[in-house]
There are 2 protein chains.
Amino acid sequence: MPFILTNDLNKHIGSEIRVRGWAHKIRKLGGMNFLMIRDRTGVAQAAIEGEVAEKIKGIGVESVISVRGKVVKEDRAPGGVEIKAADIEIISKVSDEIPLEINKKDLPANIETVLEYRPIALRHPKEQAIFKVQAEIAKSFSDFFKSEGFTQIFTPKLVSAGAEGGAGLFRVDYFEQKAFLGQSPQLYKQIMVGVFERVFEIGHVYRAEEHNTSRHLNEVVQMDIEMGFIKSQNEVMNMQEDFLKNLSQNLRQNCSKEFELHGASIPEIIKIPRLTLEEVQEIIEREYKKECHGLPDLDPEHEKMICEYMQKQGKGDYVFVTHFPSKKKPFYIMDDPTNAGKSLSFDLLFRGIEISSGGQRNHNYEVQVEKFKRMGYDPESFKDYISIFKYGMPPHGGWSIGLERITMKMLGLTNVREASLFPRDRHRLTP
Amino acid sequence: MPFILTNDLNKHIGSEIRVRGWAHKIRKLGGMNFLMIRDRTGVAQAAIEGEVAEKIKGIGVESVISVRGKVVKEDRAPGGVEIKAADIEIISKVSDEIPLEINKKDLPANIETVLEYRPIALRHPKEQAIFKVQAEIAKSFSDFFKSEGFTQIFTPKLVSAGAEGGAGLFRVDYFEQKAFLGQSPQLYKQIMVGVFERVFEIGHVYRAEEHNTSRHLNEVVQMDIEMGFIKSQNEVMNMQEDFLKNLSQNLRQNCSKEFELHGASIPEIIKIPRLTLEEVQEIIEREYKKECHGLPDLDPEHEKMICEYMQKQGKGDYVFVTHFPSKKKPFYIMDDPTNAGKSLSFDLLFRGIEISSGGQRNHNYEVQVEKFKRMGYDPESFKDYISIFKYGMPPHGGWSIGLERITMKMLGLTNVREASLFPRDRHRLTP
């Protein structure tokens, strides 16, 4: 008799089936034993009587078991069905009591405890839901960009210098040399536009930031795209908007249960507003009486304000902020030819936080050499990168989205660590 | 007028179209100028006369251009069609002559030169083909395992200790601590079997091996799976076999042009033979008169021999070799209960080289603690990992495939560096 998933039980009412998973909860109710069995699709209830009850005596929650029995309708059981257990097999017993309860509605512990017992905490249905949503985001990203003619690339994370200069890099002993962990695949994805026109990557990036806040991690997964033959950075933003619309559709189709569990809502698919930094600053000054005119960037408080304001206006959960000052942007960002001191750059804010930056890049050799010099870099130390501009590069641009940050904000989590299976921060290298 | 891809030209015969890309080759033939234009889908020929010819004077190959013109049948042109150019726009001129010819059938240079000029060398159609195939392999892997109920995971590459002990690790300065680069997501994927039953990951792994051969890299992309509730390691091998069958189908459907360009063949989809190490050694001794009986592993020469032998027998391009001695396998591999000294492990050989290893893992707490002690490890230093066995783990197993190695052998490349966009080896950290 083949095993079925607990999620499919209601397709088998009246039949004898087998399920397998973990003993999620064991309880007595009116002389009857109930065993909740958890598999990768959910939790099912088995009613246990007579001899079968003997088998589960003292097994302890989280034991791995299989249950054979008949599926019957039972309104009081989760999903409206119950298994009348005819037999139970213990596949793997626990040898200790679990260090934190994972069969209550919420994990009872604070984030530090949850992270300390991560391997077990992740079994909680709400924790599982986070990473099912994360997997769906990554899948949607890959599928969408493949369908748009992008080629997936894998670029090195061990590099000889940083994409954006030397600060904030982790150093690696690489035989006789010093290597660093890449902060971004930026230079590599631009090189690859010269090869495939349109590329995407999902990979780890590293930032040796001292910050230890609820929105910082030192190792994150980044979803990057870069595309050639653009007319303006608007095309790059259009591509992001189209992806996000597609993502909302996929989440609605495949993850509504997970969003419900977190009491979170999937963003509505509407046109994403595009405001310049100056326009955003005007709104913040006008609506929130916060002086920010002339600042080169938005601080976290400003990000929250503009998002709140746009939501109140019915403009949705996302906002593009464009045209940051050139001097605050990395060397590869193109200056706005029509707007002195401004750059062809944008950030995407989502529910109060920046989850993406992007823009149009320089593609002209002389302009890039000049820009390196102006910013105090030696063009020679970027010679592989800069060579592509000598040998024909189309106008291009791109962006990256942090996978943990978008997961966090999708589900309304308050700490980005909750959206990383095994987070790395200022002090945490384990588990 | 929208741009079309060169690959679609023959759908537009008789129409005026625009294409854009790189000036791949410019030549004069019988008083006529021909411009080959390369985009991400291939190369097309444009015939250029009169005023238009003036526009391309001195532009140099690899300039970025767009061409407008009428598509006509022309048997002598690649793909049987040609564009009668009405206009050409120069989008981005080269500012230097390219350092190696990328418009001949093969790259003329040796591997060192190809790697030195990697950003430009990758534009060669044969180089592009390698990474189109690689992207298809990665896509097939993700799609297949998603369809089999596996969840994609992202696990840390910055770790506090190695998955398989302390040797061969790159050290990282991590604030006040010492970190290492992960050699494998092994321990994490086992932890995640306790959460999702079935998981897969595509990610970088690092090996600080001194080896500098044509089959070693220090940073590779690994495709990993791990699955719970198995009855034996055969189930894990079945899953690999099913994936490889599916992969061959996808490659046949989507990459036949790329295989043709490399004169390579897509593996036939047949049953993969499964031989124990001892059986393989008997064959090698009998057929090749090479003494190898009792050795704990196959060396590269033996791998070639057994693959050659199986191919001659009409058994296909893949061979599973099983039941390696326990003492040669990592601590997480299960001992074969019916075969003292042997382990439930396997390697997959493909066209003369190992591209995958896997096996069944321990899932019992006491057995794993005992094994750590027997092998001289302190169980305490694996406490997060080992905790999962206390709290209920199903029998499980898995494997990993090296993305560069499978790409290399698929296309008949002789050096694994050719199958890495920007390879990292004993001496190479750039580009």
# chains A, B, ... in the order shown; residues from 1 in each chain; ligands from 1
$ select_by_dssp --residues "region 223-423 of chain B" --states "strand (DSSP E)" --output "JSON, numbers by chain"
{"B": [223, 224, 225, 226, 227, 228, 274, 275, 276, 318, 319, 320, 321, 322, 345, 346, 347, 348, 349, 350, 353, 354, 355, 356, 357, 358, 359, 360, 396, 397, 398, 399, 400, 401, 402]}
$ write_last_selection --atoms "N, CA and C atoms" --output "compact mmCIF listing (two decimals), in the first residue's frame"
# COMPACT_ATOMS: atom_id res chain seq x y z
N MET B 223 25.13 20.54 -7.13
CA MET B 223 23.69 20.28 -7.09
C MET B 223 23.47 19.16 -6.10
N ASP B 224 22.78 19.47 -5.03
CA ASP B 224 22.60 18.53 -3.92
C ASP B 224 21.14 18.14 -3.74
N ILE B 225 20.91 16.89 -3.43
CA ILE B 225 19.57 16.51 -2.95
C ILE B 225 19.72 15.67 -1.68
N GLU B 226 18.65 15.62 -0.91
CA GLU B 226 18.58 14.73 0.25
C GLU B 226 17.11 14.38 0.45
N MET B 227 16.83 13.10 0.70
CA MET B 227 15.43 12.66 0.80
C MET B 227 15.22 11.70 1.95
N GLY B 228 14.09 11.87 2.61
CA GLY B 228 13.78 11.03 3.76
C GLY B 228 12.85 9.88 3.40
N ARG B 274 24.59 -1.00 -12.00
CA ARG B 274 25.01 -0.80 -10.61
C ARG B 274 25.95 -1.95 -10.23
N LEU B 275 27.19 -1.62 -10.02
CA LEU B 275 28.19 -2.63 -9.68
C LEU B 275 28.83 -2.26 -8.36
N THR B 276 29.15 -3.26 -7.57
CA THR B 276 29.89 -2.95 -6.34
C THR B 276 31.33 -2.63 -6.72
N TYR B 318 26.92 5.91 -18.28
CA TYR B 318 26.94 6.06 -16.82
C TYR B 318 27.16 4.71 -16.13
N VAL B 319 27.84 4.70 -15.01
CA VAL B 319 27.96 3.50 -14.17
C VAL B 319 27.87 3.91 -12.70
N PHE B 320 27.04 3.22 -11.95
CA PHE B 320 27.06 3.36 -10.49
C PHE B 320 28.06 2.37 -9.90
N VAL B 321 28.93 2.86 -9.03
CA VAL B 321 29.82 1.99 -8.29
C VAL B 321 29.42 2.09 -6.82
N THR B 322 29.15 0.95 -6.18
CA THR B 322 28.55 0.98 -4.84
C THR B 322 29.43 0.27 -3.80
N SER B 345 27.08 3.35 0.14
CA SER B 345 27.56 4.54 -0.57
C SER B 345 27.67 4.22 -2.05
N PHE B 346 27.67 5.26 -2.84
CA PHE B 346 27.89 5.05 -4.28
C PHE B 346 28.54 6.26 -4.91
N ASP B 347 29.22 6.02 -6.00
CA ASP B 347 29.69 7.07 -6.89
C ASP B 347 29.01 6.88 -8.23
N LEU B 348 28.78 7.97 -8.93
CA LEU B 348 28.33 7.84 -10.32
C LEU B 348 29.49 8.24 -11.22
N LEU B 349 29.84 7.32 -12.10
CA LEU B 349 30.86 7.65 -13.11
C LEU B 349 30.15 7.98 -14.42
N PHE B 350 30.71 8.95 -15.13
CA PHE B 350 30.10 9.39 -16.40
C PHE B 350 31.23 9.63 -17.39
N ILE B 353 34.73 9.57 -15.61
CA ILE B 353 35.08 10.39 -14.45
C ILE B 353 33.92 10.37 -13.44
N GLU B 354 34.28 10.46 -12.16
CA GLU B 354 33.25 10.54 -11.12
C GLU B 354 32.61 11.92 -11.16
N ILE B 355 31.29 11.95 -11.26
CA ILE B 355 30.61 13.26 -11.22
C ILE B 355 29.68 13.40 -10.02
N SER B 356 29.51 12.32 -9.28
CA SER B 356 28.57 12.37 -8.16
C SER B 356 28.95 11.35 -7.10
N SER B 357 28.73 11.68 -5.83
CA SER B 357 28.73 10.63 -4.79
C SER B 357 27.52 10.81 -3.92
N GLY B 358 27.13 9.70 -3.33
CA GLY B 358 25.96 9.72 -2.47
C GLY B 358 25.88 8.48 -1.64
N GLY B 359 24.75 8.33 -0.98
CA GLY B 359 24.56 7.14 -0.17
C GLY B 359 23.44 7.31 0.83
N GLN B 360 23.29 6.28 1.65
CA GLN B 360 22.35 6.37 2.76
C GLN B 360 23.11 6.89 3.97
N HIS B 396 17.29 8.19 5.58
CA HIS B 396 17.40 9.15 4.49
C HIS B 396 18.73 9.01 3.76
N GLY B 397 18.78 9.59 2.60
CA GLY B 397 20.00 9.55 1.81
C GLY B 397 19.96 10.63 0.76
N GLY B 398 21.05 10.76 0.04
CA GLY B 398 21.10 11.79 -0.99
C GLY B 398 22.38 11.73 -1.76
N TRP B 399 22.61 12.74 -2.55
CA TRP B 399 23.82 12.81 -3.37
C TRP B 399 24.06 14.22 -3.85
N SER B 400 25.22 14.43 -4.42
CA SER B 400 25.49 15.71 -5.07
C SER B 400 26.14 15.44 -6.42
N ILE B 401 25.89 16.36 -7.34
CA ILE B 401 26.54 16.31 -8.65
C ILE B 401 27.27 17.63 -8.85
N GLY B 402 28.51 17.56 -9.27
CA GLY B 402 29.26 18.77 -9.58
C GLY B 402 28.81 19.33 -10.92
$ residues_around --residues "Val195 (chain B)" --least-positions-apart "2" --cutoff "7 Å" --atoms "only C-alpha atoms" --output "list in words"
Leu122 and Arg123 of chain A; Met192, Val193 and Glu197 of chain B
$ residues_around --residues "Leu261 (chain B)" --least-positions-apart "4" --cutoff "12 Å" --atoms "only C-alpha atoms" --output "list in words"
Gly42, Lys105, Asp106, His124, Pro125, Lys126, Glu127, Gln128, Ala129, Ile130, Val133, Cys255, Ser256, Lys257, Ser265, Leu411 and Gly412 of chain B
$ write_last_selection --atoms "C-alpha atoms" --output "mmCIF file, in the first residue's frame"
data_model
loop_
_atom_site.group_PDB
_atom_site.id
_atom_site.type_symbol
_atom_site.label_atom_id
_atom_site.label_comp_id
_atom_site.auth_asym_id
_atom_site.auth_seq_id
_atom_site.Cartn_x
_atom_site.Cartn_y
_atom_site.Cartn_z
ATOM 1 C CA GLY B 42 23.114 32.955 -33.063
ATOM 2 C CA LYS B 105 35.181 28.145 -35.803
ATOM 3 C CA ASP B 106 37.355 27.523 -32.733
ATOM 4 C CA HIS B 124 32.701 32.902 -28.870
ATOM 5 C CA PRO B 125 29.692 30.798 -29.956
ATOM 6 C CA LYS B 126 31.296 27.565 -28.710
ATOM 7 C CA GLU B 127 31.983 29.106 -25.305
ATOM 8 C CA GLN B 128 28.428 30.428 -25.148
ATOM 9 C CA ALA B 129 27.181 26.943 -25.962
ATOM 10 C CA ILE B 130 28.923 25.505 -22.896
ATOM 11 C CA VAL B 133 24.055 23.777 -21.669
ATOM 12 C CA CYS B 255 20.353 22.155 -26.634
ATOM 13 C CA SER B 256 20.902 20.002 -29.703
ATOM 14 C CA LYS B 257 22.483 22.961 -31.527
ATOM 15 C CA SER B 265 26.463 13.434 -28.035
ATOM 16 C CA LEU B 411 30.246 18.349 -24.059
ATOM 17 C CA GLY B 412 33.464 16.340 -24.196
#
$ interface_residues --of "chain B" --to "chain A" --cutoff "6 Å" --atoms "only C-alpha atoms" --output "tab-separated table (two decimals) with N, CA and C atoms, in the first residue's frame"
chain	number	residue	atom	x	y	z
B	40	ARG	N	22.16	36.79	-28.90
B	40	ARG	CA	22.22	35.66	-27.96
B	40	ARG	C	21.71	34.35	-28.54
B	62	GLU	N	33.08	43.33	-33.04
B	62	GLU	CA	32.55	43.44	-31.67
B	62	GLU	C	31.89	44.79	-31.38
B	63	SER	N	31.87	45.68	-32.38
B	63	SER	CA	31.05	46.87	-32.18
B	63	SER	C	29.60	46.44	-32.04
B	64	VAL	N	28.85	47.19	-31.26
B	64	VAL	CA	27.44	46.87	-31.05
B	64	VAL	C	26.61	47.67	-32.05
B	92	SER	N	27.42	51.13	-30.18
B	92	SER	CA	28.57	51.24	-29.29
B	92	SER	C	29.80	50.73	-30.04
B	93	LYS	N	30.74	51.63	-30.26
B	93	LYS	CA	31.93	51.30	-31.05
B	93	LYS	C	33.00	50.66	-30.18
B	94	VAL	N	33.81	49.76	-30.75
B	94	VAL	CA	34.96	49.27	-30.01
B	94	VAL	C	36.03	50.36	-30.01
B	95	SER	N	36.82	50.39	-28.94
B	95	SER	CA	37.86	51.42	-28.87
B	95	SER	C	39.24	50.78	-28.97
B	96	ASP	N	39.27	49.50	-29.25
B	96	ASP	CA	40.54	48.80	-29.36
B	96	ASP	C	40.30	47.53	-30.16
B	119	PRO	N	36.49	37.48	-20.34
B	119	PRO	CA	35.30	38.27	-20.66
B	119	PRO	C	35.01	38.32	-22.17
B	123	ARG	N	32.44	35.23	-25.43
B	123	ARG	CA	31.51	35.62	-26.49
B	123	ARG	C	31.55	34.66	-27.68
B	135	ALA	N	23.31	26.08	-18.03
B	135	ALA	CA	22.06	26.65	-17.50
B	135	ALA	C	20.92	25.66	-17.65
B	152	GLN	N	13.39	23.71	-2.45
B	152	GLN	CA	14.73	24.32	-2.63
B	152	GLN	C	15.16	25.03	-1.35
B	160	SER	N	31.29	27.30	10.76
B	160	SER	CA	32.27	27.31	11.85
B	160	SER	C	33.15	26.07	11.81
B	171	ARG	N	40.06	29.36	5.19
B	171	ARG	CA	39.76	30.12	6.40
B	171	ARG	C	39.36	31.55	6.07
B	172	VAL	N	38.39	32.05	6.82
B	172	VAL	CA	37.88	33.41	6.62
B	172	VAL	C	37.99	34.19	7.92
B	173	ASP	N	38.44	35.44	7.84
B	173	ASP	CA	38.41	36.33	9.01
B	173	ASP	C	36.98	36.82	9.20
B	191	ILE	N	19.77	18.13	8.12
B	191	ILE	CA	18.90	18.85	9.07
B	191	ILE	C	17.56	19.16	8.41
B	195	VAL	N	12.85	18.67	8.34
B	195	VAL	CA	11.85	19.73	8.19
B	195	VAL	C	10.95	19.46	6.97
B	196	PHE	N	11.57	19.25	5.82
B	196	PHE	CA	10.82	19.17	4.56
B	196	PHE	C	10.83	17.78	3.91
B	384	ASP	N	24.87	20.72	17.04
B	384	ASP	CA	23.65	21.13	16.34
B	384	ASP	C	23.19	20.06	15.36
B	390	LYS	N	18.49	12.97	17.80
B	390	LYS	CA	17.80	12.78	19.07
B	390	LYS	C	16.30	12.96	18.92
B	391	TYR	N	15.92	13.84	17.98
B	391	TYR	CA	14.52	14.27	17.92
B	391	TYR	C	13.80	13.74	16.69
B	392	GLY	N	14.16	12.53	16.27
B	392	GLY	CA	13.36	11.87	15.25
B	392	GLY	C	13.77	12.18	13.83
B	429	LEU	N	42.69	33.63	-9.33
B	429	LEU	CA	41.61	34.35	-8.64
B	429	LEU	C	40.98	35.42	-9.53
B	431	PRO	N	40.02	36.46	-13.97
B	431	PRO	CA	39.11	37.59	-13.71
B	431	PRO	C	37.98	37.14	-12.79
$ residues_around --residues "region 280-282 of chain B" --least-positions-apart "2" --cutoff "10 Å" --atoms "only C-alpha atoms" --output "ChimeraX atom specification"
/B:274-278,284-295,297-298,302-303,305-307,319-322
$ write_last_selection --atoms "N, CA and C atoms" --output "PDB file, in the first residue's frame"
ATOM      1  N   ARG B 274      24.586  -0.997 -11.998  1.00  0.00           N
ATOM      2  CA  ARG B 274      25.005  -0.803 -10.613  1.00  0.00           C
ATOM      3  C   ARG B 274      25.945  -1.949 -10.235  1.00  0.00           C
ATOM      4  N   LEU B 275      27.191  -1.624 -10.022  1.00  0.00           N
ATOM      5  CA  LEU B 275      28.189  -2.635  -9.681  1.00  0.00           C
ATOM      6  C   LEU B 275      28.829  -2.261  -8.360  1.00  0.00           C
ATOM      7  N   THR B 276      29.155  -3.259  -7.566  1.00  0.00           N
ATOM      8  CA  THR B 276      29.890  -2.954  -6.343  1.00  0.00           C
ATOM      9  C   THR B 276      31.333  -2.634  -6.716  1.00  0.00           C
ATOM     10  N   LEU B 277      32.019  -1.969  -5.814  1.00  0.00           N
ATOM     11  CA  LEU B 277      33.437  -1.670  -6.046  1.00  0.00           C
ATOM     12  C   LEU B 277      34.202  -2.960  -6.359  1.00  0.00           C
ATOM     13  N   GLU B 278      33.879  -4.030  -5.618  1.00  0.00           N
ATOM     14  CA  GLU B 278      34.586  -5.299  -5.847  1.00  0.00           C
ATOM     15  C   GLU B 278      34.324  -5.855  -7.239  1.00  0.00           C
ATOM     16  N   ILE B 284      38.159  -4.877 -13.974  1.00  0.00           N
ATOM     17  CA  ILE B 284      39.402  -4.192 -14.376  1.00  0.00           C
ATOM     18  C   ILE B 284      40.571  -5.173 -14.384  1.00  0.00           C
ATOM     19  N   GLU B 285      40.621  -6.046 -13.390  1.00  0.00           N
ATOM     20  CA  GLU B 285      41.720  -7.025 -13.352  1.00  0.00           C
ATOM     21  C   GLU B 285      41.625  -7.998 -14.524  1.00  0.00           C
ATOM     22  N   ARG B 286      40.383  -8.409 -14.803  1.00  0.00           N
ATOM     23  CA  ARG B 286      40.177  -9.409 -15.864  1.00  0.00           C
ATOM     24  C   ARG B 286      40.408  -8.789 -17.242  1.00  0.00           C
ATOM     25  N   GLU B 287      39.847  -7.613 -17.460  1.00  0.00           N
ATOM     26  CA  GLU B 287      39.844  -7.036 -18.806  1.00  0.00           C
ATOM     27  C   GLU B 287      41.070  -6.187 -19.092  1.00  0.00           C
ATOM     28  N   TYR B 288      41.640  -5.587 -18.075  1.00  0.00           N
ATOM     29  CA  TYR B 288      42.739  -4.639 -18.304  1.00  0.00           C
ATOM     30  C   TYR B 288      44.029  -5.072 -17.622  1.00  0.00           C
ATOM     31  N   LYS B 289      43.979  -6.243 -16.946  1.00  0.00           N
ATOM     32  CA  LYS B 289      45.174  -6.784 -16.273  1.00  0.00           C
ATOM     33  C   LYS B 289      45.816  -5.773 -15.322  1.00  0.00           C
ATOM     34  N   LYS B 290      44.966  -4.973 -14.699  1.00  0.00           N
ATOM     35  CA  LYS B 290      45.468  -3.980 -13.734  1.00  0.00           C
ATOM     36  C   LYS B 290      45.154  -4.493 -12.340  1.00  0.00           C
ATOM     37  N   GLU B 291      46.146  -4.630 -11.510  1.00  0.00           N
ATOM     38  CA  GLU B 291      45.868  -5.099 -10.164  1.00  0.00           C
ATOM     39  C   GLU B 291      45.220  -3.978  -9.344  1.00  0.00           C
ATOM     40  N   CYS B 292      44.050  -4.220  -8.818  1.00  0.00           N
ATOM     41  CA  CYS B 292      43.411  -3.189  -7.999  1.00  0.00           C
ATOM     42  C   CYS B 292      42.559  -3.796  -6.894  1.00  0.00           C
ATOM     43  N   HIS B 293      42.516  -5.110  -6.854  1.00  0.00           N
ATOM     44  CA  HIS B 293      41.734  -5.815  -5.842  1.00  0.00           C
ATOM     45  C   HIS B 293      42.101  -5.329  -4.429  1.00  0.00           C
ATOM     46  N   GLY B 294      41.088  -5.007  -3.652  1.00  0.00           N
ATOM     47  CA  GLY B 294      41.334  -4.617  -2.262  1.00  0.00           C
ATOM     48  C   GLY B 294      41.609  -3.142  -2.060  1.00  0.00           C
ATOM     49  N   LEU B 295      41.846  -2.401  -3.132  1.00  0.00           N
ATOM     50  CA  LEU B 295      42.033  -0.954  -2.969  1.00  0.00           C
ATOM     51  C   LEU B 295      40.710  -0.328  -2.502  1.00  0.00           C
ATOM     52  N   ASP B 297      39.345   2.500  -3.223  1.00  0.00           N
ATOM     53  CA  ASP B 297      38.679   3.429  -4.137  1.00  0.00           C
ATOM     54  C   ASP B 297      39.191   3.145  -5.553  1.00  0.00           C
ATOM     55  N   LEU B 298      38.549   3.771  -6.535  1.00  0.00           N
ATOM     56  CA  LEU B 298      39.056   3.694  -7.905  1.00  0.00           C
ATOM     57  C   LEU B 298      39.938   4.903  -8.154  1.00  0.00           C
ATOM     58  N   HIS B 302      41.314   3.795 -13.356  1.00  0.00           N
ATOM     59  CA  HIS B 302      40.289   2.760 -13.214  1.00  0.00           C
ATOM     60  C   HIS B 302      38.919   3.273 -13.636  1.00  0.00           C
ATOM     61  N   GLU B 303      38.638   4.525 -13.302  1.00  0.00           N
ATOM     62  CA  GLU B 303      37.343   5.114 -13.683  1.00  0.00           C
ATOM     63  C   GLU B 303      37.198   5.112 -15.205  1.00  0.00           C
ATOM     64  N   MET B 305      38.724   3.088 -17.286  1.00  0.00           N
ATOM     65  CA  MET B 305      38.636   1.707 -17.779  1.00  0.00           C
ATOM     66  C   MET B 305      37.234   1.135 -17.647  1.00  0.00           C
ATOM     67  N   ILE B 306      36.639   1.290 -16.465  1.00  0.00           N
ATOM     68  CA  ILE B 306      35.326   0.664 -16.273  1.00  0.00           C
ATOM     69  C   ILE B 306      34.280   1.337 -17.166  1.00  0.00           C
ATOM     70  N   CYS B 307      34.427   2.651 -17.353  1.00  0.00           N
ATOM     71  CA  CYS B 307      33.480   3.338 -18.242  1.00  0.00           C
ATOM     72  C   CYS B 307      33.647   2.873 -19.680  1.00  0.00           C
ATOM     73  N   VAL B 319      27.837   4.702 -15.011  1.00  0.00           N
ATOM     74  CA  VAL B 319      27.962   3.498 -14.167  1.00  0.00           C
ATOM     75  C   VAL B 319      27.869   3.911 -12.697  1.00  0.00           C
ATOM     76  N   PHE B 320      27.037   3.221 -11.945  1.00  0.00           N
ATOM     77  CA  PHE B 320      27.058   3.362 -10.489  1.00  0.00           C
ATOM     78  C   PHE B 320      28.055   2.375  -9.898  1.00  0.00           C
ATOM     79  N   VAL B 321      28.928   2.864  -9.033  1.00  0.00           N
ATOM     80  CA  VAL B 321      29.825   1.986  -8.286  1.00  0.00           C
ATOM     81  C   VAL B 321      29.420   2.087  -6.817  1.00  0.00           C
ATOM     82  N   THR B 322      29.147   0.952  -6.178  1.00  0.00           N
ATOM     83  CA  THR B 322      28.545   0.979  -4.839  1.00  0.00           C
ATOM     84  C   THR B 322      29.426   0.272  -3.803  1.00  0.00           C
TER      85      THR B 322
END
$ select_by_dssp --residues "region 15-260 of chain A" --states "alpha helix (DSSP H)" --output "ChimeraX atom specification"
/A:50-55,111-116,118-121,125-147,186-196,233-254,256-260
